[in-house]
Every structure is written in structure tokens, then in C-alpha cells.
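Heads up: the structure comes next, in C-alpha cells.
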Amino acid sequence: MTGSGEDLLRKALSESIRAMAATGPLTVAEVAADGIARFQLSLDGAGTPRCWVQPIQSWHELIGERWGEPAGPDDQEAVRDAVLRAAGVLTDGTVILISSFSPTVNTDQAMAILRTARPDALALTVPGARVDELISETMAEEPITRLYDLVVLKTKPDTGRLELTGHQLFPSGAKRGERTPVSFQVATTDRRGVAFAVVAWQGRHPQLVSVHRVRLPPGRHEATAELRAPGLVRFHGLPGLVADERDWADLVASIPESLQEAPAAVHLICAIEICGHSDQVRTRIDQAGQMVDKVAASLPGRLKVSLVTYAAHSYDFQVKEEGVLIPAWKVAPGQAREELVGLDRAGPAPWGYPDGAQLEDMLAAVLARLGPERDEDTVLLIIGGRNPHPPAASSHILPCPNQHDWEQLVRRFERRRGARLGVIHDRPPEQAGREWTRLGRAAMAHLDFVDFPALRAGLGLSARDQAVNFPLID
Amino acid sequence: MSNPTFERPEHSIAMWGAPGSGKTTMLAALSLALIERDGPWKLVGADANATSVLLEKSAALDRQEFPLATIDIEKFRWLLVGSSPQQDRRFGGWRGRSRDTRAPKIGLNMIDPPGQVYAGGAAQHASLLQSLEESRGIIYLFDPTQEYIAGDAFDYLHGALLQLASQMLAKENETSGRLPHYLAVCITKFDDLRVLKTATKLNVLTQDPSDPHEFPTVEDADAPTLFRELCEISARGSARRVLNALERFFHKDRLKFFVTSSIGFYLKPGTAVFDPRDFQNMVRLSPEAGRDQDSEKGAQYRIRGQARPINVCEPVIWLAERLLAERQEARSGR
Ligand SMILES: Nc1nc2c(ncn2[C@@H]2O[C@H](COP(=O)(O)OP(=O)(O)O)[C@@H](O)[C@H]2O)c(=O)[nH]1
Ligand SMILES: [Mg+2]
């Protein structure tokens with residue numbers, strides 16, 4: 001019966017596919033009602049059976065009207081050649097011949113020719129069999145013959161170096177439908193995201209099975225790998241996964257030597273000079289906001305923000321001095337954003353003494369508020385234009401009325417564990433002058449053209465710029 | 001004032017210095033400082049206009065503002081008025097002996113060359129020379145802070161001196177080969193950080209033990225040293241020739257140097273003693289503040305604390321007394 005015929009065929013296909021590793025390619029020739037189709041199966045480098053299909057060639061193409069007519073010996077020769085060529089059976093390797101239709105003159109004739117050519121071939125007549133579907137189903141049902149790993153990065157504990165390695169997804173012999181959960185970390189990636197590369201191991205040699213990519217935020221993630229067929233692993237829980245067009249060699253070459261330690265917790269203090277032209281003050285506030293956004297995006301949940309404002313000293317005893325203010329201290333980035341909106345709405349502080357600003361008082365206030373050192377990174381970003389006042393008369397800039405010594409305070413700040421200091425100055429670096437050049441020694445940007453990646457790199461906040469395009473497993 | 005008109009004094013003092021060297025401020029400081037000082041001398045206007053100019057300038061300084069420039073300030077004339085020699089009352093009956101018991105009066109006017117002396121118009125130049133010639137006392141204001149930048153003092157001085165000298169020395173009765181004038185060279189703006197630093201470096205700073213504020217000072221004897229050094233560091237380097245020119249044209253004993261400041265040092269409110277870490281008494285104003293003012297150019301600076309003039313009376317009094325003495329000698333010698 002058809003059912004048992006199909007079972008037989010399935011079994012024969014399965015056995016032959018499994019045997020391919022030893023016997024070489026498998027050719028399945030289907031002699032159908034309307035012509036001959038050919039399926040050429042072989043194993044790729046990863047041991048995955050692959051099938052190449054020669055679409056059906058019609059009887060008309062193959063033999064014209066010849067079999068209905070009395071034919072001469074030349075004609076018979078030509079028909080034989082055409083049939084053998086279409087069925088592709090004159091190769092090394094295993095051949096299976098299938099007649100998938102109730103016998104007709106054509107099918108009988110063709111089967112006879114093929115059987116004569118390959119008497120070793122298994123020949124089956126399974127009328128109504130859907131050979132293409134049977135083959136693909138059988139292929140998919142095959143257990144994998146090699147170990148499948150996900151390509152991941154691990155940090156070697158002794159050296160801290162990143163090492164490309166395999167994380168097992170499926171053992172050899174695993175079959176369609178098997179699932180393996182994977183838990184991994186994502187660091188910062190390039191714009192195209194994390195590569196999910198599956199390799200099959202042959203001895204010590206990995207062979208790429210597939211590479212897909214997806215953009216994921218840094219942090220811990222879970223996914224489930226499902227074996228859909230040999231050579232086909234699907235990942236669940238990674239929406240947006242697409243085939244990765246990146247060159248494999250480039251991807252591997254892009255792996256940094258070691259993982260930049262993303263700080264556990266970062267405290268970003270934006271100290272903003274709020275006196276001056278209203279446009280300029282507004283730009284300073286705006287750039288502070290951008291910085292907060294950018295750092296927050298790269299350190300989700302790990303950023304605390306403080307806002308400090310300072311303005312001009314008053315050297316007129318009739319004009320009361322507005323001191324350093326701390327509108328927000330160690331708040332979530334979102335709240336800091338709201339405070340910045342408030343600052344912007346409040347507008348600039350009075351112009352005041354034009355040659356300096358309370359930068360040194362700000363440093364003192366920040367240090368006082370910071371208190372003892374903690375296990376966190378403290379990044380102080382000063383956004384302004386005017387020079388700090390000297391502690392004592394030493395230039396045309398009047399000394400700080402509180403005698404704060406900005407250079408000493410800067411050194412005190414910089415000596416703290418995990419402390420970084422950077423500036424966004426109103427003028428380009430070459431015009432910033434000695435004081436701001438000193439303040440911006442680690443990181444300096446120009447207010448009108450802030451190069452945020454460079455600024456973040458200088459402030460040790462650039463983990464995001466390191467492209468780690470593979471999942472990390474510890 | 002009950003006595004509004006004065007006769008033209010026989011002698012007068014001219015304040016002379018490049019624009020911006022501090023003449024106007026010194027005039028204001030002088031009028032304030034003379035009042036505070038023990039002694040006979042006071043400064044008044046020779047007429048109502050001059051008086052109001054003087055009041056306006058000193059009121060500004062009192063408000064801790066730098067007095068603004070007045071156009072044609074040369075046209076005004078002030079008088080240094082001393083007190084009449086009391087002891088001469090005893091010889092009241094002897095007036096015929098030409099003993100003068102009227103209060104001494106010395107004229108004071110300002111020469112404010114509008115640009116370089118060489119570049120001035122011929123008429124202006126002539127009037128400058130005329131007032132220099134008429135003034136037997138000259139206060140020459142040398143602004144070291146300007147010298148750091150422009151170094152143009154020599155231009156102001158040398159051309160005018162040459163012309164003055166040739167006019168005077170050409171006169172037949174001149175035999176000494178030097179100008180007959182008394183010259184008080186005032187180094188202005190001693191309160192400026194750079195000037196004070198230079199004085200510190202030269203080790204010419206002292207302190208008057210009787211000064212409760214312990215302000216640093218430079219003794220008159222050391223003033224030429226400071227002057228020479230300030231000339232050395234002048235931007236153009238030519239200013240050192242100023243000193244040579246002065247010594248060439250004036251009698252040694254009619255030339256004296258003073259280190260002055262019209263605004264003096266800042267004293268923090270509530271403190272009594274000079275603080276070397278914080279003494280600058282000039283504050284640059286915000287451009288916004290300048291805009292509010294109805295002044296033409298707007299004040300760029302104001303005085304941070306109270307103005308405490310340093311050595312502004314001394315050169316004037318020195319000159320006044322010299323001229324008086326000379327007058328006396330001339331009369332008695334006749
Ligand atoms: N540091 C300092 N600056 C002074 C002093 N006097 C005047 N100045 C400055 O010099 C400027 C010009 O002074 P001014 O008296 O108008 O000079 P003038 O053009 O010679 O009459 C003032 O606006 C002040 O900025 C002083 O005693 N000390
Ligand atoms: Mg003036």
C-alpha cells in the first residue's frame with residue numbers, strides 16, 4: 001500500500017542520509033507522471049545534509065513524442081541518454097530510484113533505463129508519494145551528527161582576556177524539537193548587535209552552521225535555542241534576529257582583547273556655570289542633559305546623577321552673592337533631566353564679575369558633599385567658560401573671597417578612588433587657557449561641538465564604545 | 001564759599017600724563033585726601049565751573065566709581081590754597097616791608113594730550129607748551145600698567161620736553177642749561193598687582209609703623225629704582241629713555257619721584273590690616289552693568305572698597321612748598 005511504501009521510502013532515505021558520511025552524496029531520482037526530478041543530497045562542512053533540487057524535466061523535454069511511436073535504434077539511444085542525464089544517476093554514491101506515479105509507458109520505460117544503469121540502486125514504486133516533502137522531512141528529522149555550540153566569549157580568570165569559545169547547545173544525536181535555554185550577558189556592541197553564531201564541531205575544528213544578529217541592550221539576557229533541523233537552530237526570546245551579513249573574519253577580529261570593566265555604579269556630577277549669555281547658559285544645560293542621556297543609556301540602572309550650579313562671585317558688598325547650589329544629588333537620570341528643564345526655565349544668573357566664576361567654590365562644595373570615598377566611580381563634568389579665581393592675588397582675576405584653591409581642590413578630587421574630571425568649555429581647546437586646560441586634562445570638549453564618545457572615553461564612561469559583538473558567558 | 005574769585009596765582013602746577021595715566025582720578029583723590037589730611041592745603045576751583053568739575057570727580061570717587069573724563073579738562077583751573085602765615089601777624093605794622101600774609105595760592109591745571117604729542121594739532125601743541133612753560137611745577141604721571149601694554153610714555157614726554165626745553169633754554173637769561181621747573185614724577189597705580197610685585201621683587205617695599213592698616217609703601221628715595229625697573233619692563237623698551245631725558249632736562253634737586261595710587265589697596269570690610277592675598281581694589285564690571293550706565297563709554301571698572309589714596313598729596317605739597325619758597329626767595333632777594 002501507499003502508506004507502507006512511503007514508510008519504506010522514508011526509512012530508505014533516512015538510512016541513506018545517515019550513511020552519507022561514509023558513502024558520499026545521495027542521489028534521489030524521482031520518475032513522476034510528468035517527467036523526472038532529481039534530488040542531490042550531500043553533507044556540508046558542518047555535517048549538515050543539504051539537498052540540491054533539479055526541478056522536474058518533462059517527458060516532452062526528455063523524449064518528445066517518441067515512446068508513443070515506433071522508434072529506431074538511434075532514437076532509443078538518445079532517449080536513454082536524456083533520461084540518465086536528467087536523473088543524474090551516473091555518479092558515485094548511493095542512488096535511490098522512485099516511481100511516484102501509477103505506471104505508464106513513460107515511467108516504466110524510464111525506470112527500466114535507470115535500473116539497468118544502476119542495478120545497485122534501491123528502486124521503489126510509491127504512487128502518490130510527495131518525494132520533495134519526504135526528503136525535506138527526513139532531513140529535518142535526522143539527528144545531528146555533531147555537537148552544536150553557540151559561539152560565546154569568556155573572560156579568562158587569570159589574564160582577564162576575552163576568549164572565543166563554544167557553549168553547548170545540542171549534543172551529537174540531538175533531534176529536531178530539542179530546546180536548550182541559554183543565559184548570557186551582553187556588553188556594548190556595534191550598531192548591528194550581538195552575533196548568535198552556531199558551530200558544529202568536527203574534532204577540534206568548528207564549522208559555522210549559522211550566524212544571526214540582534215541588537216540587545218547591555219546586561220543579562222535569556223534565550224532558548226531550538227533545533228529545528230540539522231543546520232537550523234532557532235533562537236526564541238530574541239525578537240528582531242536576522243541573518244548576520246557581517247564578515248565572519250571581521251567579526252572575530254573585532255573582539256577586544258579584554259572587557260572594559262563597566263563600573264558597577266557611576267555617579268555623574270554635572271557642574272554648570274549658570275552666569276553669562278542666556279544662549280550660552282542654555283547650551284550648557286542642554287549639553288549636560290545630553291551627557292546624562294548618553295551615559296544613562298550605556299549604564300542602565302547604574303547611573304546616579306547630581307547637578308551643581310555656580311555663578312559669579314560678587315565683589316560688590318551691596319550685591320549679595322548667590323552661592324553654589326546643588327539642585328539634585330545622586331538622583332536617577334530621569335529626575336536629573338527634569339531638574340535640568342527647571343534650570344533652563346529659571347534662566348541665567350546675573351552676569352556679575354566677568355573675569356571669573358565660583359568654580360573653586362563649586363569644587364569645595366562637591367568634595368564636601370561627596371564625603372568619604374565609596375566603591376563607585378565619580379565623574380565630575382564641569383560645563384562653563386570663566387576661569388576659577390586664584391586663592392590669593394596673582395592675576396587680574398580677583399582672588400576667591402573664600403580663599404579656595406582650585407588647583408589643590410582639583411588634586412584632592414582626582415586623588416579619590418574612581419574619580420574622573422572633565423570639562424565642556426565655551427571655547428575650543430586651543431583657546432581655553434591654562435586653567436581650563438588643566439581642568440580638562442583627562443577630557444575636554446568644546447561647548448558648540450561636543451564629541452560625546454571622546455568625552456565619555458576620557459571620563460572612563462566609554463564601555464559602550466567597545467564593540468563586544470558576541471554573547472558573554474561567565 | 002564766601003570768596004568766589006581769586007586772582008591769578010603767580011605760579012601754577014600742571015598735571016601732565018598720557019591719557020589714561022590716572023590724572024582725573026588723582027585730581028579727585030587729591031581733593032578728598034587733602035581734606036582728610038592734617039595741614040593747611042586744600043583744593044578749590046578757580047571758578048564755579050572748575051569747582052563743580054572738582055565736586056563731580058570727588059563725589060564719583062566717593063561712590064567708588066572712577067571719575068569720568070571731562071572734555072577740555074585743560075580749560076579748568078583749580079587752586080591749592082594754603083593758610084596765611086599766622087606768625088606774621090606780629091609784624092602786622094610792617095606790611096610795607098613786603099612780607100606777604102595772604103593765604104598762598106598755587107594754580108593747578110591739567111594737561112591731557114589727546115593723543116601722541118607729535119600727532120596733536122599745532123594749536124593744541126602750542127597751548128600745551130605754553131601751559132608747561134607757565135607752570136613752574138609739573139606733576140608727571142607715569143602709568144606703569146600702561147607701559148606693560150603700550151610702552152608709549154616716552155612719546156608723550158620726549159617730544160614735549162624737547163620743545164619746551166628749546167624754547168626756554170633759548171632765552172637769554174637762562175644759564176643753567178636745565179629747565180627751571182620742579183618736576184614730581186608720580187608712578188601711578190601702585191595698587192596694581194604687577195606694580196606691587198615689581199616693588200616686592202626689588203625689595204623696596206616698606207611699611208610705615210604708624211600706619212594702622214600696615215599698607216606697603218615705597219619710600220621716595222627708592223621710587224627712582226622702581227621707576228627705572230618699570231621702565232625696563234616696559235613693552236617698547238624705549239621708556240627707560242624717559243629717565244635719562246628727565247635727568248638731562250631738570251635740575252637734580254628739582255626732580256623727585258613718588259609712588260602713588262589714587263584708589264589704594266582694598267581692605268576687606270571688618271578687617272583693619274592689609275591682606276597680601278587679597279588687596280586689589282579694582283573690579284571689572286560686567287558688560288551688563290556698563291549698559292545700564294548712561295555714560296558714553298560706560299565704566300569698565302569700579303572701586304571695590306573705599307578709595308584710600310596713597311601719596312597723592314605729597315607730590316602736590318612738595319611742589320607747592322617749593323614754589324612758595326622760591327617766590328619768597330625771589331621777593332626777599334629783590
Ligand atoms: N589700579 C589703578 N587704576 C587706576 C587708578 N587711577 C586710575 N586708574 C585707572 O585708569 C583709568 C584712567 O584713569 P583717568 O584718571 O581717567 O586717567 P586720565 O585719562 O589720565 O585722566 C581709570 O578708569 C582706571 O581704570 C589707580 O590709582 N589705580
Ligand atoms: Mg581722564
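Letters for chains follow the order of the C-alpha cells (A, B, ...), residue numbers begin at 1 for each chain, and ligand numbers begin at 1 in the order shown.
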
task = Give as a PyMOL selection string the residues surrounding ligand 1 up to a distance of 6 Å, considering only C-alpha atoms and all ligand atoms.
result = chain B and resi 18-25+66+69+189+191-192+261-263+301

request  = Give me the residues within 9 Å of range 19-21 of chain A as JSON, numbers by chain, counting only C-alpha atoms and dropping any in the same chain fewer than 6 places off.
outcome  = {"A": [41, 42, 43, 47, 49, 93, 94]}

Restrict the selected residues to all heavy atoms and save them as a tab-separated table (two decimals), in the first residue's frame.
chain	number	residue	atom	x	y	z
A	41	LEU	N	21.67	15.05	-2.64
A	41	LEU	CA	21.94	15.31	-1.23
A	41	LEU	C	23.41	15.13	-0.93
A	41	LEU	O	24.04	14.20	-1.45
A	41	LEU	CB	21.12	14.38	-0.32
A	41	LEU	CG	19.63	14.71	-0.18
A	41	LEU	CD1	18.83	14.17	-1.36
A	41	LEU	CD2	19.10	14.17	1.15
A	42	SER	N	23.92	16.01	-0.07
A	42	SER	CA	25.30	15.85	0.36
A	42	SER	C	25.45	16.48	1.75
A	42	SER	O	24.53	17.17	2.22
A	42	SER	CB	26.25	16.51	-0.63
A	42	SER	OG	25.92	17.88	-0.75
A	43	LEU	N	26.56	16.26	2.37
A	43	LEU	CA	26.82	16.86	3.68
A	43	LEU	C	27.70	18.09	3.49
A	43	LEU	O	28.68	18.04	2.74
A	43	LEU	CB	27.55	15.86	4.58
A	43	LEU	CG	26.76	14.61	4.95
A	43	LEU	CD1	27.63	13.66	5.78
A	43	LEU	CD2	25.51	14.99	5.74
A	47	GLY	N	28.58	19.00	8.46
A	47	GLY	CA	27.93	17.70	8.61
A	47	GLY	C	26.43	17.79	8.46
A	47	GLY	O	25.70	16.86	8.79
A	49	PRO	N	23.12	17.66	6.32
A	49	PRO	CA	22.69	17.25	4.98
A	49	PRO	C	22.07	18.42	4.24
A	49	PRO	O	21.29	19.19	4.81
A	49	PRO	CB	21.64	16.16	5.25
A	49	PRO	CG	21.44	16.09	6.70
A	49	PRO	CD	22.36	17.03	7.39
A	93	GLY	N	28.38	7.23	-5.31
A	93	GLY	CA	27.43	7.44	-4.24
A	93	GLY	C	26.15	6.67	-4.46
A	93	GLY	O	25.93	6.04	-5.50
A	94	THR	N	25.33	6.77	-3.45
A	94	THR	CA	24.12	5.99	-3.40
A	94	THR	C	23.06	6.61	-4.29
A	94	THR	O	23.00	7.82	-4.45
A	94	THR	CB	23.60	5.95	-1.95
A	94	THR	OG1	24.72	5.80	-1.08
A	94	THR	CG2	22.62	4.83	-1.74

message = Residues of chain B within 8 Å of chain A, counting only C-alpha atoms, what are they? List them as a PyMOL selection string.
response = chain B and resi 193+276-280+283-288+304

Okay, now the selection with all heavy atoms, as a tab-separated table (two decimals), in the first residue's frame?
chain	number	residue	atom	x	y	z
B	193	LEU	N	48.55	94.90	40.92
B	193	LEU	CA	49.33	93.71	41.28
B	193	LEU	C	50.73	93.70	40.67
B	193	LEU	O	51.71	93.39	41.33
B	193	LEU	CB	48.55	92.47	40.83
B	193	LEU	CG	49.23	91.13	41.02
B	193	LEU	CD1	49.05	90.65	42.44
B	193	LEU	CD2	48.69	90.10	40.06
B	276	PRO	N	47.93	90.62	52.03
B	276	PRO	CA	48.69	90.47	50.78
B	276	PRO	C	48.05	89.47	49.82
B	276	PRO	O	48.38	89.45	48.64
B	276	PRO	CB	50.07	89.98	51.25
B	276	PRO	CG	49.85	89.45	52.62
B	276	PRO	CD	48.68	90.19	53.20
B	277	ARG	N	47.11	88.65	50.32
B	277	ARG	CA	46.46	87.69	49.43
B	277	ARG	C	45.26	88.29	48.69
B	277	ARG	O	44.78	87.72	47.73
B	277	ARG	CB	45.99	86.47	50.22
B	277	ARG	CG	47.13	85.58	50.70
B	277	ARG	CD	46.60	84.59	51.70
B	277	ARG	NE	45.81	85.30	52.72
B	277	ARG	CZ	45.11	84.70	53.67
B	277	ARG	NH1	45.07	83.40	53.72
B	277	ARG	NH2	44.45	85.39	54.55
B	278	ASP	N	44.80	89.43	49.22
B	278	ASP	CA	43.59	89.99	48.62
B	278	ASP	C	43.57	91.49	48.85
B	278	ASP	O	43.03	91.96	49.83
B	278	ASP	CB	42.36	89.32	49.25
B	278	ASP	CG	41.08	89.67	48.49
B	278	ASP	OD1	41.16	90.39	47.48
B	278	ASP	OD2	40.00	89.23	48.93
B	279	PHE	N	44.17	92.21	47.93
B	279	PHE	CA	44.30	93.66	48.13
B	279	PHE	C	43.86	94.46	46.91
B	279	PHE	O	43.83	95.68	46.95
B	279	PHE	CB	45.76	94.00	48.44
B	279	PHE	CG	46.70	93.56	47.35
B	279	PHE	CD1	46.90	94.36	46.22
B	279	PHE	CD2	47.38	92.35	47.43
B	279	PHE	CE1	47.74	93.95	45.21
B	279	PHE	CE2	48.22	91.94	46.41
B	279	PHE	CZ	48.40	92.75	45.29
B	280	GLN	N	43.53	93.77	45.81
B	280	GLN	CA	43.23	94.52	44.59
B	280	GLN	C	41.94	95.31	44.76
B	280	GLN	O	40.92	94.76	45.17
B	280	GLN	CB	43.13	93.56	43.40
B	280	GLN	CG	44.49	92.99	42.98
B	280	GLN	CD	44.37	91.61	42.38
B	280	GLN	OE1	43.99	90.67	43.09
B	280	GLN	NE2	44.68	91.47	41.11
B	283	VAL	N	37.60	96.47	40.41
B	283	VAL	CA	36.75	95.37	39.96
B	283	VAL	C	36.27	95.68	38.57
B	283	VAL	O	35.72	96.75	38.31
B	283	VAL	CB	35.47	95.21	40.82
B	283	VAL	CG1	34.80	93.88	40.51
B	283	VAL	CG2	35.78	95.32	42.27
B	284	ARG	N	36.48	94.72	37.68
B	284	ARG	CA	35.92	94.92	36.35
B	284	ARG	C	34.42	94.69	36.45
B	284	ARG	O	33.95	93.76	37.12
B	284	ARG	CB	36.53	93.94	35.34
B	284	ARG	CG	36.40	94.46	33.91
B	284	ARG	CD	37.43	93.79	33.03
B	284	ARG	NE	37.02	92.47	32.60
B	284	ARG	CZ	36.23	92.25	31.54
B	284	ARG	NH1	35.79	93.26	30.82
B	284	ARG	NH2	35.91	91.02	31.21
B	285	LEU	N	33.69	95.55	35.78
B	285	LEU	CA	32.23	95.45	35.83
B	285	LEU	C	31.76	94.52	34.74
B	285	LEU	O	32.42	94.34	33.72
B	285	LEU	CB	31.61	96.82	35.65
B	285	LEU	CG	31.82	97.78	36.82
B	285	LEU	CD1	31.41	99.18	36.42
B	285	LEU	CD2	31.04	97.31	38.03
B	286	SER	N	30.58	93.95	34.96
B	286	SER	CA	30.01	93.10	33.92
B	286	SER	C	29.59	93.99	32.76
B	286	SER	O	29.25	95.15	32.95
B	286	SER	CB	28.81	92.36	34.46
B	286	SER	OG	27.73	93.23	34.56
B	287	PRO	N	29.63	93.46	31.54
B	287	PRO	CA	29.19	94.26	30.40
B	287	PRO	C	27.75	94.72	30.57
B	287	PRO	O	27.38	95.79	30.10
B	287	PRO	CB	29.33	93.32	29.21
B	287	PRO	CG	29.66	91.98	29.74
B	287	PRO	CD	30.08	92.13	31.17
B	288	GLU	N	26.97	93.95	31.31
B	288	GLU	CA	25.58	94.35	31.57
B	288	GLU	C	25.51	95.62	32.38
B	288	GLU	O	24.74	96.53	32.09
B	288	GLU	CB	24.85	93.25	32.35
B	288	GLU	CG	24.30	92.18	31.47
B	288	GLU	CD	23.60	91.10	32.28
B	288	GLU	OE1	23.71	91.08	33.51
B	288	GLU	OE2	22.94	90.27	31.66
B	304	ARG	N	36.57	98.63	44.37
B	304	ARG	CA	35.96	97.53	45.09
B	304	ARG	C	35.54	97.92	46.50
B	304	ARG	O	34.44	97.60	46.94
B	304	ARG	CB	36.98	96.39	45.15
B	304	ARG	CG	36.46	95.11	45.74
B	304	ARG	CD	37.52	94.06	45.57
B	304	ARG	NE	37.29	92.90	46.38
B	304	ARG	CZ	38.22	92.04	46.69
B	304	ARG	NH1	39.46	92.23	46.25
B	304	ARG	NH2	37.95	90.99	47.42

Quick one: residues within 8 Å of Phe170 in chain A, only C-alpha atoms, excluding same-chain residues fewer than 5 positions away - as an mmCIF file with C-alpha atoms, in the first residue's frame?
data_model
loop_
_atom_site.group_PDB
_atom_site.id
_atom_site.type_symbol
_atom_site.label_atom_id
_atom_site.label_comp_id
_atom_site.auth_asym_id
_atom_site.auth_seq_id
_atom_site.Cartn_x
_atom_site.Cartn_y
_atom_site.Cartn_z
ATOM 1 C CA LEU A 147 27.990 18.754 18.677
ATOM 2 C CA TYR A 148 26.362 22.178 18.220
ATOM 3 C CA ASP A 149 27.746 25.084 20.172
ATOM 4 C CA GLU A 178 15.072 19.797 21.257
ATOM 5 C CA THR A 180 18.239 24.390 25.284
ATOM 6 C CA LEU A 227 16.958 22.627 16.987
#

task = Please run DSSP on the backbone and report, as a PyMOL selection string, all residues within range 252-356 of chain A that come out as strand (DSSP E or B).
result = chain A and resi 258+266-273+275+303-310+325-331+349

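For range 411-420 of chain A, the non-local neighbours within 9 Å, defined as residues at least 4 positions apart in the same chain or in other chains and counting only C-alpha atoms, are Leu363, Val366, Leu367, Pro372, Glu373, Arg374, Asp375, Glu376, Asp377, Thr378, Val379, Leu380, Leu381, Trp406, Glu407, Ala442, Ala443, Gly458, Leu459 and Gly460 of chain A.
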
message = I'd like the interatomic distance between CA of Leu80 in chain B and CA of Thr145 in chain B, to a tenth of an Å.
response =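 Going from CA of Leu80 in chain B over to CA of Thr145 in chain B, I get 28.7 Å.
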
request  = Could you tell me how far CA of Glu36 in chain B lies from CA of Arg308 in chain B, in Å and to one decimal?
outcome  = 10.6 Å

task = Check the DSSP output for the backbone and give back, as a list in words, the residues of range 215-245 of chain B in helix (DSSP H, G or I).
result = Asp220, Ala221, Asp222, Ala223, Pro224, Thr225, Leu226, Phe227, Arg228, Glu229, Leu230, Cys231, Glu232, Arg240, Arg241, Val242, Leu243, Asn244 and Ala245 of chain B

Those same residues - N, CA and C atoms - I'd like them written as a PDB file, in the first residue's frame.
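Resulting contents of result.pdb:
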ATOM      1  N   ASP B 220      60.253 107.512  49.131  1.00  0.00           N
ATOM      2  CA  ASP B 220      60.562 108.361  47.977  1.00  0.00           C
ATOM      3  C   ASP B 220      61.963 108.081  47.440  1.00  0.00           C
ATOM      4  N   ALA B 221      62.885 107.784  48.367  1.00  0.00           N
ATOM      5  CA  ALA B 221      64.261 107.547  47.938  1.00  0.00           C
ATOM      6  C   ALA B 221      64.375 106.317  47.048  1.00  0.00           C
ATOM      7  N   ASP B 222      63.479 105.365  47.251  1.00  0.00           N
ATOM      8  CA  ASP B 222      63.522 104.148  46.435  1.00  0.00           C
ATOM      9  C   ASP B 222      62.669 104.255  45.173  1.00  0.00           C
ATOM     10  N   ALA B 223      61.899 105.325  45.096  1.00  0.00           N
ATOM     11  CA  ALA B 223      60.986 105.461  43.957  1.00  0.00           C
ATOM     12  C   ALA B 223      61.724 105.456  42.609  1.00  0.00           C
ATOM     13  N   PRO B 224      62.890 106.149  42.503  1.00  0.00           N
ATOM     14  CA  PRO B 224      63.584 106.105  41.203  1.00  0.00           C
ATOM     15  C   PRO B 224      63.994 104.687  40.797  1.00  0.00           C
ATOM     16  N   THR B 225      64.371 103.882  41.782  1.00  0.00           N
ATOM     17  CA  THR B 225      64.742 102.495  41.487  1.00  0.00           C
ATOM     18  C   THR B 225      63.551 101.754  40.874  1.00  0.00           C
ATOM     19  N   LEU B 226      62.410 101.938  41.510  1.00  0.00           N
ATOM     20  CA  LEU B 226      61.206 101.291  40.996  1.00  0.00           C
ATOM     21  C   LEU B 226      60.870 101.834  39.607  1.00  0.00           C
ATOM     22  N   PHE B 227      61.004 103.154  39.485  1.00  0.00           N
ATOM     23  CA  PHE B 227      60.709 103.775  38.193  1.00  0.00           C
ATOM     24  C   PHE B 227      61.600 103.183  37.097  1.00  0.00           C
ATOM     25  N   ARG B 228      62.891 103.043  37.411  1.00  0.00           N
ATOM     26  CA  ARG B 228      63.826 102.521  36.408  1.00  0.00           C
ATOM     27  C   ARG B 228      63.440 101.089  36.025  1.00  0.00           C
ATOM     28  N   GLU B 229      63.118 100.310  37.026  1.00  0.00           N
ATOM     29  CA  GLU B 229      62.762  98.921  36.754  1.00  0.00           C
ATOM     30  C   GLU B 229      61.481  98.839  35.909  1.00  0.00           C
ATOM     31  N   LEU B 230      60.523  99.692  36.253  1.00  0.00           N
ATOM     32  CA  LEU B 230      59.275  99.681  35.495  1.00  0.00           C
ATOM     33  C   LEU B 230      59.516 100.116  34.056  1.00  0.00           C
ATOM     34  N   CYS B 231      60.466 101.002  33.885  1.00  0.00           N
ATOM     35  CA  CYS B 231      60.828 101.397  32.522  1.00  0.00           C
ATOM     36  C   CYS B 231      61.465 100.232  31.777  1.00  0.00           C
ATOM     37  N   GLU B 232      62.286  99.481  32.502  1.00  0.00           N
ATOM     38  CA  GLU B 232      62.966  98.344  31.878  1.00  0.00           C
ATOM     39  C   GLU B 232      61.963  97.337  31.321  1.00  0.00           C
ATOM     40  N   ARG B 240      62.744 103.534  29.115  1.00  0.00           N
ATOM     41  CA  ARG B 240      63.880 103.797  30.003  1.00  0.00           C
ATOM     42  C   ARG B 240      64.569 105.114  29.638  1.00  0.00           C
ATOM     43  N   ARG B 241      64.385 105.496  28.397  1.00  0.00           N
ATOM     44  CA  ARG B 241      64.957 106.772  27.984  1.00  0.00           C
ATOM     45  C   ARG B 241      64.243 107.933  28.666  1.00  0.00           C
ATOM     46  N   VAL B 242      63.021 107.669  29.178  1.00  0.00           N
ATOM     47  CA  VAL B 242      62.287 108.696  29.908  1.00  0.00           C
ATOM     48  C   VAL B 242      63.151 109.205  31.050  1.00  0.00           C
ATOM     49  N   LEU B 243      63.722 108.245  31.783  1.00  0.00           N
ATOM     50  CA  LEU B 243      64.529 108.596  32.950  1.00  0.00           C
ATOM     51  C   LEU B 243      65.730 109.455  32.537  1.00  0.00           C
ATOM     52  N   ASN B 244      66.424 109.014  31.498  1.00  0.00           N
ATOM     53  CA  ASN B 244      67.577 109.780  31.014  1.00  0.00           C
ATOM     54  C   ASN B 244      67.167 111.184  30.618  1.00  0.00           C
ATOM     55  N   ALA B 245      66.057 111.267  29.906  1.00  0.00           N
ATOM     56  CA  ALA B 245      65.592 112.572  29.441  1.00  0.00           C
ATOM     57  C   ALA B 245      65.293 113.476  30.625  1.00  0.00           C
TER      58      ALA B 245
END

query = Between A:Ile274, A:Leu232, A:Leu164, A:Met291, which is the closest to Pro471 in chain A once you count only C-alpha atoms?
reply = A:Leu164

ask   = Residues at most 10 Å from range 106-117 of chain A, counting only C-alpha atoms, excluding those fewer than 5 positions away in the same chain, as a ChimeraX atom specification?
value = /A:29-36,59,63,66-68,79-84,87-90,96-101,122-125

ask   = Using only C-alpha atoms and all ligand atoms, which of the listed residues (B:Pro85, B:Pro67, B:Gly159, B:Pro315) sits closest to ligand 2?
value = B:Pro67

key: Distance in Å - CA of Phe257 in chain B versus CA of Val185 in chain B   = 4.7 Å

query = Nearest to ligand 2: which of B:Ile106, B:Met15, B:Ala126, B:Leu196 is it, counting only C-alpha atoms and all ligand atoms?
reply =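 Among B:Ile106, B:Met15, B:Ala126, B:Leu196, it is B:Met15 that comes nearest to ligand 2.
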